[in-house]
$ cat entry19.cif   # mmCIF, C-alpha atoms
data_protein
#
loop_
_atom_site.label_atom_id
_atom_site.label_comp_id
_atom_site.auth_asym_id
_atom_site.auth_seq_id
_atom_site.Cartn_x
_atom_site.Cartn_y
_atom_site.Cartn_z
CA MET A 524 123.94 110.70 127.91
CA LYS A 525 126.91 113.03 127.42
CA GLU A 526 127.02 114.92 124.14
CA ILE A 527 130.21 116.15 122.51
CA GLU A 528 130.39 119.67 121.11
CA ASN A 529 130.53 119.54 117.32
CA ARG A 530 131.43 122.70 115.45
CA SER A 531 129.98 121.29 112.22
CA GLU A 532 126.50 121.28 113.74
CA GLN A 533 124.73 124.34 112.30
CA PRO A 534 121.12 125.25 111.51
CA THR A 535 119.71 125.41 107.98
CA VAL A 536 122.44 123.33 106.35
CA ALA A 537 122.15 120.45 103.89
CA LEU A 538 124.66 118.31 105.82
CA TYR A 539 123.92 118.05 109.52
CA ALA A 540 126.20 116.42 112.10
CA LYS A 541 125.96 115.51 115.77
CA SER A 542 128.45 113.72 118.00
CA TYR A 543 127.99 111.39 120.97
CA VAL A 544 129.99 109.16 123.27
CA VAL A 545 129.11 105.57 124.16
CA GLU A 546 128.46 105.76 127.89
CA PRO A 547 129.20 102.64 130.00
CA ALA A 548 125.51 102.34 130.90
CA GLU A 549 124.62 102.31 127.18
CA GLY A 550 126.97 99.57 126.05
CA ASN A 551 125.75 96.08 125.21
CA GLY A 552 127.17 92.74 126.38
CA GLN A 553 130.00 93.09 123.87
CA GLN A 554 130.87 96.57 125.25
CA GLU A 555 129.79 98.24 122.02
CA LEU A 556 127.15 100.68 120.83
CA PRO A 557 123.97 98.56 120.56
CA LEU A 558 122.24 98.59 117.19
CA PRO A 559 118.87 99.65 118.70
CA LEU A 560 120.56 102.66 120.30
CA LEU A 561 122.21 103.50 116.97
CA ALA A 562 118.76 103.37 115.37
CA LYS A 563 117.48 105.72 118.08
CA ARG A 564 120.34 108.12 117.38
CA ILE A 565 119.48 108.01 113.67
CA LEU A 566 115.90 108.99 114.49
CA GLU A 567 117.12 111.72 116.82
CA VAL A 568 119.53 113.29 114.34
CA ALA A 569 116.92 113.19 111.57
CA THR A 570 114.50 114.97 113.89
CA LEU A 571 117.06 117.63 114.87
CA HIS A 572 117.92 118.29 111.22
CA ALA A 573 114.24 118.69 110.35
CA GLU A 574 113.80 120.98 113.37
CA SER A 575 116.66 123.17 112.13
CA TRP A 576 114.69 123.68 108.91
CA GLY A 577 111.45 124.45 110.76
CA VAL A 578 109.72 121.24 109.66
CA GLY A 579 110.39 119.06 112.70
CA TYR A 580 107.98 117.60 115.19
CA SER A 581 107.36 120.86 117.07
CA THR A 582 106.16 122.55 113.86
CA LEU A 583 104.28 119.73 112.13
CA ILE A 584 102.36 118.62 115.22
CA LYS A 585 100.54 121.98 115.20
CA ASN A 586 98.83 120.72 112.02
CA ARG A 587 98.44 117.19 113.42
CA GLN A 588 101.20 115.93 111.13
CA VAL A 589 104.30 113.85 111.95
CA TRP A 590 107.28 112.35 110.17
CA VAL A 591 107.13 108.54 110.17
CA LEU A 592 110.02 106.17 109.48
CA SER A 593 109.06 103.78 106.69
CA ARG A 594 112.28 101.87 105.97
CA LEU A 595 115.73 101.60 107.51
CA ALA A 596 118.95 99.89 106.42
CA ILE A 597 122.10 100.02 108.54
CA GLU A 598 125.42 98.54 107.45
CA MET A 599 128.37 98.60 109.84
CA SER A 600 132.03 97.60 109.51
CA ARG A 601 132.46 98.06 113.26
CA TYR A 602 130.59 99.50 116.25
CA PRO A 603 132.00 102.24 118.51
CA ARG A 604 133.02 100.86 121.89
CA ILE A 605 132.37 102.13 125.41
CA ASN A 606 133.85 105.62 126.04
CA GLU A 607 134.44 106.10 122.31
CA HIS A 608 133.16 109.22 120.58
CA TYR A 609 131.27 108.88 117.31
CA THR A 610 129.51 111.23 114.88
CA LEU A 611 126.39 110.89 112.76
CA GLU A 612 126.08 112.97 109.60
CA THR A 613 122.79 113.12 107.71
CA TRP A 614 121.58 114.51 104.39
CA ILE A 615 118.65 114.24 101.98
CA GLU A 616 119.32 112.15 98.87
CA GLY A 617 115.98 112.79 97.14
CA TYR A 618 112.21 112.84 97.52
CA ASN A 619 108.88 112.45 95.77
CA LYS A 620 105.32 113.28 96.74
CA HIS A 621 105.05 110.54 99.36
CA PHE A 622 108.60 109.69 100.51
CA SER A 623 111.90 111.32 101.42
CA ALA A 624 115.22 109.44 101.26
CA ARG A 625 117.61 110.45 104.04
CA ASN A 626 121.10 108.97 104.42
CA PHE A 627 123.58 108.79 107.29
CA ALA A 628 127.31 108.28 107.77
CA ILE A 629 128.62 107.03 111.12
CA SER A 630 132.28 107.78 111.85
CA ASP A 631 134.69 107.48 114.77
CA GLU A 632 136.39 110.40 116.51
CA GLY A 633 139.21 110.29 113.96
CA GLY A 634 136.73 110.64 111.10
CA LYS A 635 137.11 107.04 109.92
CA PRO A 636 133.83 105.49 108.69
CA CYS A 637 132.18 102.89 110.94
CA GLY A 638 129.12 102.45 108.74
CA TYR A 639 126.23 104.00 106.87
CA ALA A 640 122.45 104.01 106.95
CA ARG A 641 119.64 104.63 104.49
CA THR A 642 116.18 105.68 105.62
CA ILE A 643 112.86 106.37 103.92
CA TRP A 644 110.37 108.73 105.57
CA SER A 645 106.82 109.90 105.01
CA VAL A 646 104.62 112.51 106.65
CA ILE A 647 101.20 111.41 107.82
CA ASP A 648 98.13 113.25 109.01
CA LEU A 649 97.28 111.98 112.50
CA ASN A 650 93.56 112.52 111.95
CA THR A 651 93.23 110.67 108.64
CA ARG A 652 96.36 108.43 108.91
CA LEU A 653 97.00 109.32 105.25
CA SER A 654 100.27 110.57 103.78
CA VAL A 655 100.89 114.27 103.24
CA ASP A 656 102.50 115.72 100.09
CA ILE A 657 106.16 116.20 101.02
CA GLY A 658 106.59 118.60 98.11
CA GLN A 659 104.97 121.31 100.23
CA PHE A 660 108.15 121.45 102.34
CA LYS A 661 110.29 123.73 100.18
CA HIS A 662 113.42 123.12 102.23
CA ILE A 663 113.78 119.68 100.67
CA SER A 664 114.15 120.84 97.06
CA ARG A 665 116.70 123.47 98.17
CA ASN A 666 118.80 121.06 100.22
CA ILE A 667 119.25 117.88 98.19
CA LEU A 668 122.87 116.86 98.63
CA ASP A 669 124.87 114.91 96.07
CA LYS A 670 126.85 112.92 98.65
CA PRO A 671 127.44 109.20 98.13
CA CYS A 672 126.08 106.59 100.51
CA PRO A 673 128.06 103.45 99.61
CA ILE A 674 125.59 100.80 100.79
CA GLU A 675 122.78 99.15 98.89
CA LYS A 676 119.23 100.39 99.19
CA GLN A 677 116.73 98.40 101.21
CA SER A 678 115.89 95.03 99.67
CA ARG A 679 112.55 93.28 99.38
CA VAL A 680 111.93 90.55 101.94
CA ARG A 681 109.74 87.64 100.91
CA ASP A 682 107.29 85.93 103.26
CA VAL A 683 109.02 84.33 106.22
CA HIS A 684 108.31 80.70 107.15
CA ASP A 685 108.88 79.92 110.81
CA GLU A 686 107.14 76.95 112.41
CA ASN A 687 108.13 78.06 115.91
CA PRO A 688 107.66 81.83 116.10
CA VAL A 689 108.11 83.66 119.37
CA ILE A 690 104.80 84.95 120.73
CA TYR A 691 104.98 88.44 122.19
CA HIS A 692 102.28 90.56 123.83
CA VAL A 693 102.74 94.29 123.28
CA ALA A 694 103.25 96.00 126.64
CA TYR A 695 103.31 99.51 128.06
CA ASN A 696 107.01 100.15 127.38
CA ASP A 697 106.60 99.31 123.69
CA ILE A 698 104.29 102.26 123.02
CA ASP A 699 105.42 105.70 121.79
CA LEU A 700 103.82 109.14 121.70
CA ASN A 701 101.67 108.16 118.71
CA ARG A 702 100.25 105.29 120.82
CA HIS A 703 101.63 102.53 118.62
CA VAL A 704 104.71 100.31 118.97
CA ASN A 705 107.86 102.40 118.79
CA SER A 706 109.92 101.69 115.68
CA VAL A 707 113.03 100.87 117.71
CA LYS A 708 111.11 98.35 119.84
CA TYR A 709 110.51 96.20 116.74
CA ILE A 710 114.29 96.14 116.25
CA GLU A 711 114.90 95.11 119.85
CA HIS A 712 112.40 92.27 119.62
CA ALA A 713 113.92 91.07 116.33
CA LEU A 714 117.45 90.97 117.80
CA ASP A 715 116.18 88.98 120.78
CA LEU A 716 115.33 86.13 118.40
CA PHE A 717 119.02 85.16 118.36
CA PRO A 718 121.03 83.63 121.23
CA PHE A 719 123.42 85.81 123.20
CA GLU A 720 126.36 83.62 122.23
CA ARG A 721 125.94 84.51 118.56
CA TYR A 722 126.62 88.16 119.35
CA ASP A 723 129.84 87.16 121.15
CA ARG A 724 131.24 85.49 118.04
CA GLN A 725 129.53 87.56 115.36
CA ARG A 726 128.37 91.13 114.86
CA ILE A 727 125.49 92.50 112.82
CA HIS A 728 126.94 93.56 109.49
CA ARG A 729 123.65 94.69 107.94
CA PHE A 730 120.19 95.20 109.36
CA GLU A 731 117.05 96.18 107.43
CA ILE A 732 113.50 96.82 108.49
CA GLY A 733 110.42 98.04 106.63
CA TYR A 734 107.30 99.08 108.51
CA ALA A 735 103.88 98.16 107.09
CA ASN A 736 101.25 98.55 109.83
CA GLU A 737 100.90 99.96 113.33
CA ALA A 738 100.74 97.53 116.25
CA ARG A 739 98.84 98.79 119.30
CA HIS A 740 98.99 98.08 123.00
CA ASP A 741 97.98 94.56 124.03
CA ALA A 742 98.37 93.16 120.50
CA THR A 743 99.70 89.60 120.24
CA LEU A 744 102.60 89.39 117.81
CA ARG A 745 104.39 86.49 116.16
CA LEU A 746 108.13 87.13 115.81
CA CYS A 747 109.47 85.05 112.92
CA LYS A 748 112.88 84.41 111.43
CA GLU A 749 114.13 82.21 108.59
CA GLU A 750 117.73 81.60 107.52
CA VAL A 751 117.75 82.14 103.74
CA SER A 752 121.51 81.63 103.41
CA ILE A 753 124.41 81.25 105.83
CA ASP A 754 124.18 84.01 108.48
CA ASN A 755 121.49 85.79 106.44
CA PHE A 756 118.06 85.81 108.08
CA ALA A 757 114.71 87.13 106.90
CA LEU A 758 112.57 88.62 109.68
CA GLU A 759 108.86 89.21 110.05
CA ILE A 760 106.62 90.50 112.84
CA ARG A 761 102.92 89.84 112.35
CA ASP A 762 99.69 88.62 113.86
CA ASP A 763 97.00 86.39 112.38
CA GLU A 764 95.69 89.14 110.10
CA LYS A 765 98.47 91.52 109.12
CA ILE A 766 102.20 92.01 108.81
CA TYR A 767 103.61 94.85 110.91
CA CYS A 768 107.15 94.81 109.61
CA LYS A 769 109.66 92.78 107.63
CA GLY A 770 113.40 92.87 107.80
CA ARG A 771 116.75 91.23 107.32
CA ILE A 772 119.79 90.63 109.48
CA ILE A 773 123.18 89.59 108.14
CA PHE A 774 125.87 88.49 110.58
CA GLU A 775 129.64 88.43 110.06
CA ASN A 776 132.38 86.91 112.18
CA ARG A 777 134.26 89.15 114.54
#

$ encode --input "entry19.cif" --output "structure tokens"
Amino acid sequence: MKEIENRSEQPTVALYAKSYVVEPAEGNGQQELPLPLLAKRILEVATLHAESWGVGYSTLIKNRQVWVLSRLAIEMSRYPRINEHYTLETWIEGYNKHFSARNFAISDEGGKPCGYARTIWSVIDLNTRLSVDIGQFKHISRNILDKPCPIEKQSRVRDVHDENPVIYHVAYNDIDLNRHVNSVKYIEHALDLFPFERYDRQRIHRFEIGYANEARHDATLRLCKEEVSIDNFALEIRDDEKIYCKGRIIFENR
């Protein structure tokens, strides 16, 4: 992955930016930036921004604490294509004791918006699996940024009814450093519920996911989808006992 120098990238700033290029090996079948890779970049830029404040993974893990993505909404008007440069900007919109709201803007090399994302994060204690008071991180109160994010917040997804769910067994490559299914892997599995031909004629306009429980290695998952209106699908990944995540995908014609 080749990174592009970005002079706006500085430590200890409220607005943090990082630029990339879509490498040929990264592009999807439509020769665009894949949504799962965009989600990975969102996670990466959030981590780098937190690191610049001294509250990233390398600092928190010393106290057996980690940031955990709770909810994600991405809304795109277009996706950068192969060999195209793009930039992610991120900032904190607000926080409370348990959650921090972090937003993103995705733009092309000319600065024109491609889309936006909203994320909700928490910090958990790896020993107790309980949330940690985010108010202890003083950088947040000093760096709230009043910058608009012109997409709706994450919506609530009702129970999904699917009589023919896809059965999936969690495998080695699904597991992350916390020994549960990586958050991006859920996205990949959800997108695989739709035929390849749909992505040729339509693109993902909006994608949402909310994480509820942690799936472990060798778990058997049911991947469910239900069309609630034209090109608007509710998503759910669960087993017989619990729901691991719910989401939504809205397609639009190319």

$ resolve_selection --input "entry19.cif" --expression "the PyMOL selection byres ((chain A and resi 571-586) around 7)" --output "ChimeraX atom specification"
/A:534-535,539,567-570,587-589,662

$ residues_near_point --input "entry19.cif" --point "(124.2, 87.5, 109.4)" --cutoff "6 Å" --atoms "only C-alpha atoms" --output "ChimeraX atom specification"
/A:754-755,772-775

$ residues_around --input "entry19.cif" --residues "Glu750 (chain A)" --least-positions-apart "2" --cutoff "10 Å" --atoms "only C-alpha atoms" --output "list in words"
Val683, His684, Asp685, Lys748, Ser752, Ile753, Asp754, Asn755, Phe756, Ala757, Leu758, Arg771, Ile772 and Ile773 of chain A

$ closest_residue --input "entry19.cif" --among "A:Ile766, A:Trp590, A:Val655, A:Thr613" --to "Asn701 (chain A)" --atoms "only C-alpha atoms"
A:Trp590

$ resolve_selection --input "entry19.cif" --expression "the PyMOL selection byres ((chain A and resi 722) around 12)" --output "number ranges by chain"
A: 551-555, 557-558, 714-721, 723-728, 754, 773-777

$ atom_distance --input "entry19.cif" --atom1 "CA of Val704 (chain A)" --atom2 "CA of Arg604 (chain A)"
28.5 Å

$ residues_around --input "entry19.cif" --residues "Glu737 (chain A)" --least-positions-apart "5" --cutoff "12 Å" --atoms "only C-alpha atoms" --output "list of chain:residue names"
A:Val591, A:Leu592, A:Ser593, A:Arg652, A:Val693, A:Asp697, A:Ile698, A:Asp699, A:Asn701, A:Arg702, A:His703, A:Val704, A:Asn705, A:Ser706, A:Tyr709, A:Ala742, A:Leu744, A:Ile760, A:Arg761, A:Asp762, A:Lys765, A:Ile766, A:Tyr767, A:Cys768

$ atom_distance --input "entry19.cif" --atom1 "CA of Arg665 (chain A)" --atom2 "CA of Asn626 (chain A)"
16.4 Å

$ atom_distance --input "entry19.cif" --atom1 "CA of Leu700 (chain A)" --atom2 "CA of Ala628 (chain A)"
27.3 Å

$ resolve_selection --input "entry19.cif" --expression "the PyMOL selection byres ((chain A and resi 610) around 7)" --output "number ranges by chain"
A: 540-543, 609, 611-612, 629-631

$ write_last_selection --input "entry19.cif" --atoms "C-alpha atoms" --output "PDB file, in the coordinates of the input"
ATOM      1  CA  ALA A 540     126.200 116.420 112.100  1.00  0.00           C
ATOM      2  CA  LYS A 541     125.960 115.510 115.770  1.00  0.00           C
ATOM      3  CA  SER A 542     128.450 113.720 118.000  1.00  0.00           C
ATOM      4  CA  TYR A 543     127.990 111.390 120.970  1.00  0.00           C
ATOM      5  CA  TYR A 609     131.270 108.880 117.310  1.00  0.00           C
ATOM      6  CA  LEU A 611     126.390 110.890 112.760  1.00  0.00           C
ATOM      7  CA  GLU A 612     126.080 112.970 109.600  1.00  0.00           C
ATOM      8  CA  ILE A 629     128.620 107.030 111.120  1.00  0.00           C
ATOM      9  CA  SER A 630     132.280 107.780 111.850  1.00  0.00           C
ATOM     10  CA  ASP A 631     134.690 107.480 114.770  1.00  0.00           C
TER      11      ASP A 631
END

$ residues_around --input "entry19.cif" --residues "Ala537 (chain A)" --least-positions-apart "6" --cutoff "8 Å" --atoms "all atoms listed in the file" --output "PDB file with C-alpha atoms, keeping the file's coordinate frame"
ATOM      1  CA  TRP A 614     121.580 114.510 104.390  1.00  0.00           C
ATOM      2  CA  ILE A 615     118.650 114.240 101.980  1.00  0.00           C
ATOM      3  CA  ASN A 666     118.800 121.060 100.220  1.00  0.00           C
ATOM      4  CA  ILE A 667     119.250 117.880  98.190  1.00  0.00           C
ATOM      5  CA  LEU A 668     122.870 116.860  98.630  1.00  0.00           C
TER       6      LEU A 668
END
